[in-house]
>>> print(open('entry21.txt').read())   # compact mmCIF, C-alpha atoms and all ligand atoms
# COMPACT_ATOMS: atom_id res chain seq x y z
CA MET A 1 85.59 -49.77 -141.99
CA SER A 2 83.23 -47.90 -144.31
CA ILE A 3 79.83 -46.75 -143.11
CA LYS A 4 76.87 -48.88 -144.18
CA VAL A 5 73.18 -48.01 -143.87
CA LEU A 6 70.27 -50.43 -144.34
CA ILE A 7 67.04 -49.04 -145.80
CA THR A 8 64.35 -51.63 -145.05
CA ASP A 9 61.62 -50.02 -147.19
CA HIS A 10 60.58 -46.65 -148.47
CA PRO A 11 57.37 -44.55 -148.39
CA ALA A 12 57.51 -43.71 -152.11
CA SER A 13 59.18 -45.42 -155.02
CA THR A 14 62.91 -44.91 -154.47
CA PRO A 15 65.23 -43.78 -151.70
CA ASP A 16 67.10 -41.31 -153.94
CA VAL A 17 66.95 -38.45 -151.46
CA GLU A 18 68.25 -40.70 -148.68
CA ARG A 19 71.14 -41.81 -150.91
CA GLU A 20 72.02 -38.21 -151.66
CA VAL A 21 71.96 -37.15 -147.99
CA LEU A 22 73.91 -40.24 -146.89
CA SER A 23 76.53 -39.62 -149.57
CA THR A 24 77.83 -36.79 -147.36
CA LEU A 25 79.07 -39.60 -145.07
CA GLY A 26 80.40 -41.65 -147.97
CA ALA A 27 78.00 -44.34 -146.76
CA GLU A 28 77.21 -47.52 -148.65
CA VAL A 29 73.41 -47.90 -148.85
CA VAL A 30 71.77 -51.32 -148.88
CA VAL A 31 68.07 -51.49 -149.78
CA ALA A 32 66.40 -54.65 -148.48
CA PRO A 33 64.84 -56.78 -151.23
CA SER A 34 62.06 -57.86 -148.85
CA THR A 35 60.84 -56.82 -145.41
CA ASP A 36 60.53 -60.27 -143.88
CA GLU A 37 62.19 -60.60 -140.49
CA ALA A 38 64.82 -63.15 -141.52
CA THR A 39 66.01 -61.02 -144.46
CA LEU A 40 66.21 -57.88 -142.35
CA ALA A 41 68.04 -59.71 -139.53
CA GLU A 42 70.61 -61.03 -141.98
CA LEU A 43 71.18 -57.66 -143.63
CA ALA A 44 71.31 -55.82 -140.28
CA GLY A 45 74.41 -57.74 -139.18
CA ASP A 46 76.99 -55.30 -140.54
CA VAL A 47 75.27 -51.91 -140.73
CA ASP A 48 75.84 -48.72 -138.74
CA ALA A 49 72.26 -47.48 -139.12
CA ILE A 50 68.81 -48.65 -140.16
CA ILE A 51 66.23 -46.47 -141.91
CA THR A 52 62.74 -47.93 -141.88
CA CYS A 53 59.26 -46.91 -142.98
CA PHE A 54 56.58 -49.60 -142.62
CA ALA A 55 58.77 -52.72 -142.10
CA LYS A 56 58.77 -54.27 -138.63
CA VAL A 57 62.08 -53.74 -136.89
CA THR A 58 61.71 -56.43 -134.27
CA ASP A 59 63.91 -57.50 -131.35
CA ARG A 60 65.35 -60.22 -133.61
CA VAL A 61 66.42 -57.67 -136.23
CA LEU A 62 67.85 -55.36 -133.57
CA ASP A 63 69.70 -58.19 -131.77
CA ALA A 64 71.33 -59.09 -135.08
CA ALA A 65 72.37 -55.48 -135.69
CA VAL A 66 75.50 -55.73 -133.55
CA ARG A 67 77.19 -52.59 -134.93
CA CYS A 68 74.09 -50.46 -135.47
CA ARG A 69 74.03 -47.13 -133.61
CA THR A 70 70.73 -45.70 -134.71
CA VAL A 71 67.32 -46.61 -136.14
CA ALA A 72 65.57 -43.83 -138.05
CA ARG A 73 61.82 -44.01 -138.77
CA THR A 74 60.81 -42.41 -142.03
CA GLY A 75 57.62 -41.12 -140.41
CA VAL A 76 55.97 -39.94 -137.18
CA GLY A 77 54.80 -43.17 -135.53
CA VAL A 78 57.39 -45.60 -134.18
CA ASP A 79 55.07 -48.52 -133.43
CA ASN A 80 56.84 -50.69 -136.05
CA ILE A 81 60.12 -50.47 -134.12
CA ASP A 82 60.81 -52.33 -130.87
CA VAL A 83 61.95 -49.10 -129.19
CA ALA A 84 62.37 -50.73 -125.76
CA ARG A 85 64.83 -53.29 -127.17
CA ALA A 86 66.69 -50.63 -129.18
CA THR A 87 67.07 -48.63 -125.97
CA GLN A 88 68.41 -51.67 -124.07
CA LEU A 89 70.92 -52.19 -126.86
CA GLY A 90 72.03 -48.54 -126.74
CA MET A 91 70.65 -47.49 -130.13
CA ILE A 92 69.25 -43.99 -130.68
CA VAL A 93 65.79 -44.11 -132.30
CA THR A 94 64.60 -41.06 -134.24
CA ASN A 95 61.43 -40.11 -136.10
CA VAL A 96 60.29 -37.21 -138.27
CA PRO A 97 57.56 -35.21 -136.51
CA GLU A 98 55.45 -32.63 -138.35
CA TYR A 99 56.50 -33.37 -141.96
CA CYS A 100 52.88 -34.16 -142.92
CA THR A 101 50.70 -32.32 -140.42
CA ASP A 102 48.73 -30.44 -143.09
CA GLU A 103 48.48 -33.49 -145.35
CA VAL A 104 46.97 -35.69 -142.62
CA ALA A 105 44.65 -32.95 -141.34
CA ASP A 106 43.49 -32.27 -144.93
CA HIS A 107 43.03 -35.98 -145.60
CA THR A 108 41.00 -36.36 -142.41
CA LEU A 109 38.77 -33.43 -143.33
CA MET A 110 38.38 -34.89 -146.82
CA LEU A 111 37.27 -38.22 -145.32
CA ILE A 112 34.78 -36.50 -142.99
CA LEU A 113 33.31 -34.59 -145.93
CA ALA A 114 33.27 -37.62 -148.24
CA LEU A 115 31.68 -39.90 -145.65
CA SER A 116 29.05 -37.38 -144.57
CA ARG A 117 28.23 -36.50 -148.24
CA ARG A 118 28.07 -40.26 -149.08
CA LEU A 119 30.63 -39.81 -151.83
CA GLY A 120 31.44 -43.53 -152.12
CA PRO A 121 27.95 -44.79 -153.09
CA LEU A 122 27.24 -41.68 -155.24
CA VAL A 123 30.43 -42.06 -157.25
CA ALA A 124 29.95 -45.83 -157.58
CA ASP A 125 26.35 -45.34 -158.79
CA THR A 126 27.15 -42.64 -161.37
CA ALA A 127 30.22 -44.55 -162.60
CA ALA A 128 27.92 -47.54 -163.20
CA GLY A 129 25.56 -45.42 -165.34
CA GLY A 130 23.08 -44.41 -162.61
CA TRP A 131 21.73 -40.99 -161.53
CA ASP A 132 20.18 -41.83 -158.15
CA ARG A 133 19.19 -38.83 -156.00
CA ASN A 134 17.14 -41.00 -153.67
CA LEU A 135 20.06 -42.79 -152.12
CA THR A 136 19.44 -43.53 -148.45
CA PRO A 137 20.44 -42.50 -145.92
CA VAL A 138 20.67 -38.93 -147.22
CA PRO A 139 23.91 -37.00 -146.56
CA MET A 140 24.54 -35.68 -143.05
CA ARG A 141 24.67 -31.90 -142.41
CA LEU A 142 27.97 -31.15 -140.69
CA ARG A 143 27.27 -27.60 -139.48
CA GLY A 144 26.44 -27.75 -135.77
CA LYS A 145 27.55 -31.40 -135.46
CA THR A 146 30.15 -32.51 -132.94
CA LEU A 147 33.62 -33.61 -133.93
CA ALA A 148 35.16 -35.62 -131.06
CA LEU A 149 38.95 -35.72 -131.16
CA LEU A 150 40.80 -38.61 -129.60
CA GLY A 151 44.32 -37.16 -129.50
CA THR A 152 45.00 -33.42 -129.56
CA GLY A 153 48.68 -33.47 -130.48
CA THR A 154 50.12 -32.00 -133.67
CA ILE A 155 47.66 -33.53 -136.15
CA GLY A 156 44.56 -33.41 -133.93
CA ARG A 157 45.19 -29.70 -133.35
CA ALA A 158 45.65 -29.04 -137.06
CA LEU A 159 42.21 -30.53 -137.70
CA ILE A 160 40.48 -28.14 -135.28
CA PRO A 161 40.40 -24.97 -137.46
CA ARG A 162 39.49 -27.05 -140.50
CA ALA A 163 36.47 -28.56 -138.71
CA GLN A 164 35.47 -25.21 -137.24
CA ALA A 165 35.61 -23.67 -140.74
CA ILE A 166 32.78 -25.99 -141.81
CA GLY A 167 30.77 -25.19 -138.68
CA MET A 168 31.52 -28.21 -136.50
CA ASP A 169 31.79 -28.03 -132.70
CA VAL A 170 34.96 -29.69 -131.50
CA VAL A 171 35.24 -31.62 -128.22
CA ALA A 172 38.14 -33.52 -126.60
CA CYS A 173 39.21 -35.07 -123.28
CA ASN A 174 41.89 -32.98 -121.62
CA ARG A 175 44.02 -35.72 -119.92
CA GLY A 176 45.05 -33.26 -117.21
CA ARG A 177 46.17 -30.57 -119.70
CA ALA A 178 44.28 -27.58 -121.03
CA THR A 179 42.19 -28.42 -124.07
CA PRO A 180 43.15 -26.37 -127.15
CA PRO A 181 41.40 -22.96 -127.47
CA GLY A 182 37.91 -23.21 -128.93
CA VAL A 183 37.58 -26.88 -127.98
CA ARG A 184 35.07 -27.99 -125.35
CA SER A 185 36.45 -30.38 -122.77
CA VAL A 186 34.46 -33.53 -121.95
CA PRO A 187 35.10 -35.46 -118.75
CA GLY A 188 36.27 -38.79 -120.16
CA LEU A 189 36.22 -41.32 -122.96
CA ALA A 190 32.64 -42.45 -122.31
CA ALA A 191 31.38 -38.87 -122.78
CA LEU A 192 33.59 -38.40 -125.84
CA PHE A 193 32.17 -41.49 -127.54
CA ALA A 194 28.59 -40.64 -126.59
CA GLU A 195 28.76 -37.03 -127.85
CA ALA A 196 30.52 -37.75 -131.15
CA ASP A 197 28.74 -37.21 -134.45
CA VAL A 198 32.17 -37.78 -135.94
CA LEU A 199 34.93 -39.44 -133.88
CA SER A 200 38.42 -38.85 -135.29
CA LEU A 201 41.48 -40.72 -134.00
CA HIS A 202 44.89 -39.02 -133.69
CA LEU A 203 46.75 -41.15 -131.13
CA PRO A 204 50.03 -43.05 -131.37
CA LEU A 205 49.70 -46.84 -131.24
CA THR A 206 51.03 -47.98 -127.85
CA PRO A 207 50.12 -50.83 -125.47
CA GLU A 208 47.79 -48.32 -123.75
CA THR A 209 45.97 -47.23 -126.91
CA GLU A 210 45.83 -50.55 -128.78
CA GLY A 211 42.19 -51.54 -129.34
CA ILE A 212 40.88 -48.39 -127.62
CA ILE A 213 37.97 -48.45 -130.09
CA ASP A 214 36.56 -51.81 -129.04
CA ARG A 215 33.09 -53.29 -128.90
CA SER A 216 32.10 -51.21 -125.85
CA ALA A 217 33.41 -47.94 -127.34
CA LEU A 218 31.43 -48.58 -130.53
CA ALA A 219 28.33 -49.47 -128.51
CA ALA A 220 28.63 -46.14 -126.66
CA MET A 221 28.48 -44.18 -129.95
CA LYS A 222 25.29 -42.89 -131.59
CA PRO A 223 23.85 -45.06 -134.41
CA SER A 224 24.22 -41.98 -136.65
CA ALA A 225 27.93 -41.48 -135.77
CA LEU A 226 30.88 -41.72 -138.15
CA LEU A 227 34.37 -42.98 -137.25
CA VAL A 228 37.46 -41.62 -139.01
CA ASN A 229 40.90 -43.14 -138.46
CA THR A 230 44.01 -41.61 -139.98
CA ALA A 231 46.28 -42.62 -137.07
CA ARG A 232 46.92 -46.37 -136.73
CA GLY A 233 44.76 -49.39 -137.56
CA GLY A 234 45.64 -51.10 -134.28
CA LEU A 235 43.70 -48.45 -132.32
CA VAL A 236 40.51 -50.11 -133.56
CA ASP A 237 39.37 -53.67 -132.97
CA THR A 238 38.70 -54.53 -136.62
CA PRO A 239 36.23 -57.43 -136.09
CA SER A 240 34.14 -55.31 -133.69
CA LEU A 241 34.12 -52.38 -136.12
CA THR A 242 33.13 -54.64 -139.03
CA GLU A 243 30.22 -56.04 -137.02
CA ALA A 244 29.11 -52.61 -135.81
CA LEU A 245 29.09 -51.24 -139.37
CA ALA A 246 27.32 -54.23 -140.85
CA ALA A 247 24.70 -54.14 -138.09
CA GLY A 248 24.16 -50.35 -138.36
CA GLU A 249 25.36 -49.74 -134.79
CA ILE A 250 27.32 -46.79 -136.19
CA ALA A 251 26.56 -45.14 -139.53
CA GLY A 252 29.92 -45.26 -141.29
CA ALA A 253 33.70 -45.34 -141.13
CA ALA A 254 36.53 -43.85 -143.16
CA LEU A 255 39.87 -45.53 -142.59
CA ASP A 256 43.26 -44.55 -143.98
CA VAL A 257 44.85 -47.14 -141.68
CA THR A 258 43.69 -50.65 -140.87
CA GLU A 259 44.76 -53.71 -138.92
CA PRO A 260 46.04 -55.65 -140.76
CA GLU A 261 47.51 -53.54 -143.52
CA PRO A 262 46.60 -54.11 -146.25
CA LEU A 263 43.26 -55.72 -145.47
CA PRO A 264 42.86 -59.08 -147.23
CA ALA A 265 41.37 -58.61 -150.72
CA ALA A 266 38.09 -60.26 -149.69
CA HIS A 267 37.79 -58.54 -146.30
CA ARG A 268 34.21 -57.56 -145.48
CA LEU A 269 35.15 -53.93 -144.77
CA ARG A 270 36.17 -53.49 -148.41
CA GLY A 271 32.63 -54.22 -149.59
CA LEU A 272 30.48 -52.24 -147.15
CA PRO A 273 28.70 -49.22 -148.70
CA ASN A 274 29.14 -47.17 -145.52
CA VAL A 275 32.94 -47.58 -145.50
CA LEU A 276 35.61 -45.53 -147.26
CA LEU A 277 39.15 -46.89 -147.34
CA THR A 278 42.39 -45.24 -148.44
CA PRO A 279 45.71 -47.14 -148.46
CA HIS A 280 47.65 -45.45 -145.59
CA ILE A 281 48.39 -42.46 -147.76
CA ALA A 282 47.29 -39.50 -145.62
CA PHE A 283 50.93 -38.44 -145.10
CA SER A 284 51.77 -38.29 -148.76
CA SER A 285 52.32 -35.25 -150.97
CA ASP A 286 55.12 -34.01 -153.19
CA GLY A 287 56.26 -31.68 -150.42
CA SER A 288 55.90 -34.04 -147.45
CA LEU A 289 57.72 -36.93 -149.13
CA ALA A 290 60.72 -34.79 -149.97
CA ASP A 291 60.88 -33.39 -146.41
CA LEU A 292 60.42 -36.85 -144.90
CA SER A 293 63.32 -38.49 -146.72
CA ARG A 294 65.62 -35.54 -146.12
CA PHE A 295 64.91 -35.37 -142.38
CA ALA A 296 65.07 -39.15 -141.77
CA ALA A 297 68.42 -39.49 -143.53
CA GLY A 298 69.62 -36.28 -141.86
CA ASN A 299 68.90 -37.86 -138.47
CA VAL A 300 71.21 -40.75 -139.36
CA VAL A 301 73.95 -38.41 -140.56
CA GLY A 302 73.60 -36.46 -137.30
CA VAL A 303 74.00 -39.49 -135.03
CA LEU A 304 76.84 -41.03 -137.05
CA ARG A 305 78.67 -37.70 -136.98
CA GLY A 306 78.18 -37.42 -133.22
CA SER A 307 75.59 -34.64 -133.04
CA LEU A 308 72.18 -35.31 -131.59
CA PRO A 309 69.13 -34.81 -133.83
CA SER A 310 66.17 -32.96 -132.31
CA SER A 311 63.76 -35.85 -132.79
CA VAL A 312 65.11 -38.59 -130.54
CA VAL A 313 62.27 -40.90 -129.52
CA ASN A 314 64.15 -42.65 -126.69
CA PRO A 315 66.10 -39.91 -124.85
CA ASP A 316 66.72 -42.36 -121.93
CA VAL A 317 69.28 -44.10 -124.11
CA LEU A 318 71.54 -41.05 -123.90
CA GLU A 319 72.12 -41.73 -120.18
CA SER A 320 72.75 -45.41 -120.79
CA PRO A 321 76.29 -46.75 -120.24
CA GLY A 322 75.60 -49.02 -123.21
CA LEU A 323 74.97 -46.11 -125.64
CA ARG A 324 76.55 -47.09 -128.92
CA GLY A 325 78.83 -44.52 -130.42
CA LYS A 326 79.60 -42.45 -127.34
CA GLY A 327 80.29 -38.77 -127.82
CA VAL A 328 76.91 -37.92 -129.31
CA THR A 329 76.31 -34.33 -128.29
CA HIS A 330 73.52 -31.80 -128.73
CA SER A 331 74.13 -29.99 -132.01
N1 LIG A 401 47.99 -41.98 -141.80
C1 LIG A 401 49.16 -41.40 -141.91
O1 LIG A 401 49.70 -41.26 -143.02
C2 LIG A 401 49.83 -40.85 -140.69
C3 LIG A 401 49.51 -41.29 -139.43
N2 LIG A 401 50.13 -40.75 -138.33
C4 LIG A 401 49.74 -41.24 -137.01
O2 LIG A 401 49.17 -40.15 -136.29
C5 LIG A 401 49.61 -40.24 -134.94
C6 LIG A 401 49.50 -38.87 -134.28
O3 LIG A 401 50.43 -37.99 -134.87
P1 LIG A 401 50.78 -36.58 -134.19
O4 LIG A 401 49.54 -35.83 -133.91
O5 LIG A 401 51.82 -35.95 -135.03
O6 LIG A 401 51.42 -37.08 -132.83
P2 LIG A 401 51.59 -36.27 -131.48
O7 LIG A 401 52.58 -37.02 -130.67
O8 LIG A 401 51.83 -34.82 -131.76
O9 LIG A 401 50.15 -36.37 -130.79
C7 LIG A 401 49.65 -37.54 -130.24
C8 LIG A 401 48.67 -37.15 -129.16
O10 LIG A 401 48.09 -38.33 -128.64
C9 LIG A 401 47.93 -38.14 -127.23
N3 LIG A 401 47.79 -39.42 -126.53
C10 LIG A 401 48.69 -40.42 -126.40
N4 LIG A 401 48.17 -41.44 -125.70
C11 LIG A 401 46.89 -41.08 -125.40
C12 LIG A 401 45.83 -41.70 -124.70
N5 LIG A 401 45.97 -42.91 -124.17
N6 LIG A 401 44.66 -41.04 -124.58
C13 LIG A 401 44.50 -39.80 -125.11
N7 LIG A 401 45.48 -39.14 -125.78
C14 LIG A 401 46.66 -39.78 -125.91
C15 LIG A 401 49.19 -37.40 -126.84
O11 LIG A 401 48.96 -36.77 -125.60
P3 LIG A 401 50.17 -36.57 -124.57
O12 LIG A 401 51.13 -35.64 -125.25
O13 LIG A 401 49.46 -36.04 -123.39
O14 LIG A 401 50.76 -37.95 -124.37
C16 LIG A 401 49.32 -36.42 -127.99
O15 LIG A 401 48.59 -35.24 -127.73
C17 LIG A 401 51.05 -40.77 -135.07
O16 LIG A 401 51.47 -41.40 -133.88
C18 LIG A 401 50.94 -41.75 -136.22
O17 LIG A 401 50.66 -43.04 -135.72
C19 LIG A 401 51.07 -39.77 -138.44
C20 LIG A 401 51.45 -39.32 -139.67
C21 LIG A 401 50.90 -39.85 -140.90
O1 LIG A 402 54.38 -40.83 -140.57
C1 LIG A 402 53.71 -41.80 -140.20
O2 LIG A 402 53.70 -42.21 -139.03
C2 LIG A 402 52.90 -42.54 -141.16
O3 LIG A 402 51.96 -43.18 -140.82
C3 LIG A 402 53.31 -42.55 -142.58
O4 LIG A 402 54.46 -43.29 -142.66
>>> encode(input="entry21.txt", output="structure tokens")
Amino acid sequence: MSIKVLITDHPASTPDVEREVLSTLGAEVVVAPSTDEATLAELAGDVDAIITCFAKVTDRVLDAAVRCRTVARTGVGVDNIDVARATQLGMIVTNVPEYCTDEVADHTLMLILALSRRLGPLVADTAAGGWDRNLTPVPMRLRGKTLALLGTGTIGRALIPRAQAIGMDVVACNRGRATPPGVRSVPGLAALFAEADVLSLHLPLTPETEGIIDRSALAAMKPSALLVNTARGGLVDTPSLTEALAAGEIAGAALDVTEPEPLPAAHRLRGLPNVLLTPHIAFSSDGSLADLSRFAAGNVVGVLRGSLPSSVVNPDVLESPGLRGKGVTHS
């Protein structure tokens, strides 16, 4: 039987790089015409692997994928894949860490600068023919202000030297590990929220982190504070954030990611002057997209050839008697 790979969706326009990499297996590639659950479940029935970007790979899709040995995320976060179910079914789940560390750190810094300099209202005013230097509130000086990091993994750490270069003090909670050099440790989330002039989120979306920025977190922040989210929309309770911004309980927010995604066209967050939105694009650049596709498809080739990629998200599955495609070994 020939090898077949389902691509549910793609981060850029076409999966050409994936096709090229998968051609080394002689694989037939099927690109889903839509990402709805029923379509994906139907298409998953006779594939050996699934490559997915933003589509939801639910338990229903995985249950239908009776021959599938591996699910590869074209990205870092795996919150769109039911990893627990994939593990029960013996499928190896992979991701692509670190392909866009600089892009996301740069995008985050750009959002901090744009929000603090009030770029949105200034650009909107000048584009409409104005020349208003009396816009209020005036921009915020960043030198000497505190950047609070929630998440000091790969991307959070990459933001640290960028923030320090513009004179910000960086603080984080240590979660029982040493805080990165040059970063002041604060005792817990309450202190992190209270000290933040800018709070930047760099956590994975998990049951533990979902809604971590809720009404009480927002209430603990200074009225002058800014929130930046380039991680996952689900970390923030969107209705609470919308209310806090509209009521001036915090001063502004810049969001590359939202819940839901995209926000409805008439959503209140789209119209607030103290909000900057970008369409989940922080990862994207010519370099990162090429790396991303190559590594994601390479992970599939690795598993289907029997050698274990370095970025397995569910290593427990390797001990499972139900592991599909036995004989996968460390390459
Ligand atoms: N907007 C975009 O285009 C992109 C968004 N992302 C998002 O950014 C997220 C972070 O990426 P990256 O830095 O590479 O991931 P990492 O896994 O390197 O870092 C995540 C960090 O979050 C920490 N963490 C997890 N749970 C908690 C918690 N409950 N409280 C405090 N810290 C916690 C982890 O700590 P520990 O190790 O101790 O568990 C780890 O240090 C991704 O999961 C993804 O969702 C990623 C790429 C692009
Ligand atoms: O890599 C990620 O996790 C992203 O959010 C972009 O797909």
>>> closest_residue(input="entry21.txt", among="A:Gly302, A:Gly252, A:Gly271, A:Gly26", to="Leu111 (chain A)", atoms="only C-alpha atoms")
A:Gly252
>>> atom_distance(input="entry21.txt", atom1="CA of Thr152 (chain A)", atom2="atom C9 of ligand LIG 401 (chain A)")
6.0 Å
>>> closest_residue(input="entry21.txt", among="A:Ser200, A:Thr94, A:Thr258, A:Thr209", to="Gly233 (chain A)", atoms="all atoms listed in the file")
A:Thr258
>>> residues_around(input="entry21.txt", residues="region 15-21 of chain A", least_positions_apart="4", cutoff="7 Å", atoms="all atoms listed in the file", output="ChimeraX atom specification")
/A:10,29,293-294,297-298
>>> atom_distance(input="entry21.txt", atom1="CA of Val303 (chain A)", atom2="atom O1 of ligand LIG 402 (chain A)")
20.4 Å
>>> residues_near_point(input="entry21.txt", point="(62.1, -57.5, -123.1)", cutoff="12 Å", atoms="all atoms listed in the file", output="MDAnalysis selection string")
chainID A and resid 58:60 63 82:89
>>> residues_around(input="entry21.txt", residues="Val31 (chain A)", least_positions_apart="6", cutoff="8 Å", atoms="all atoms listed in the file", output="number ranges by chain")
A: 6-9
>>> axis_aligned_box(input="entry21.txt", around="ligand LIG 402 (chain A)", padding_each_side="5 Å", output="JSON")
{"center_x": 53.2, "center_y": -42.1, "center_z": -140.8, "size_x": 12.5, "size_y": 12.5, "size_z": 13.6}
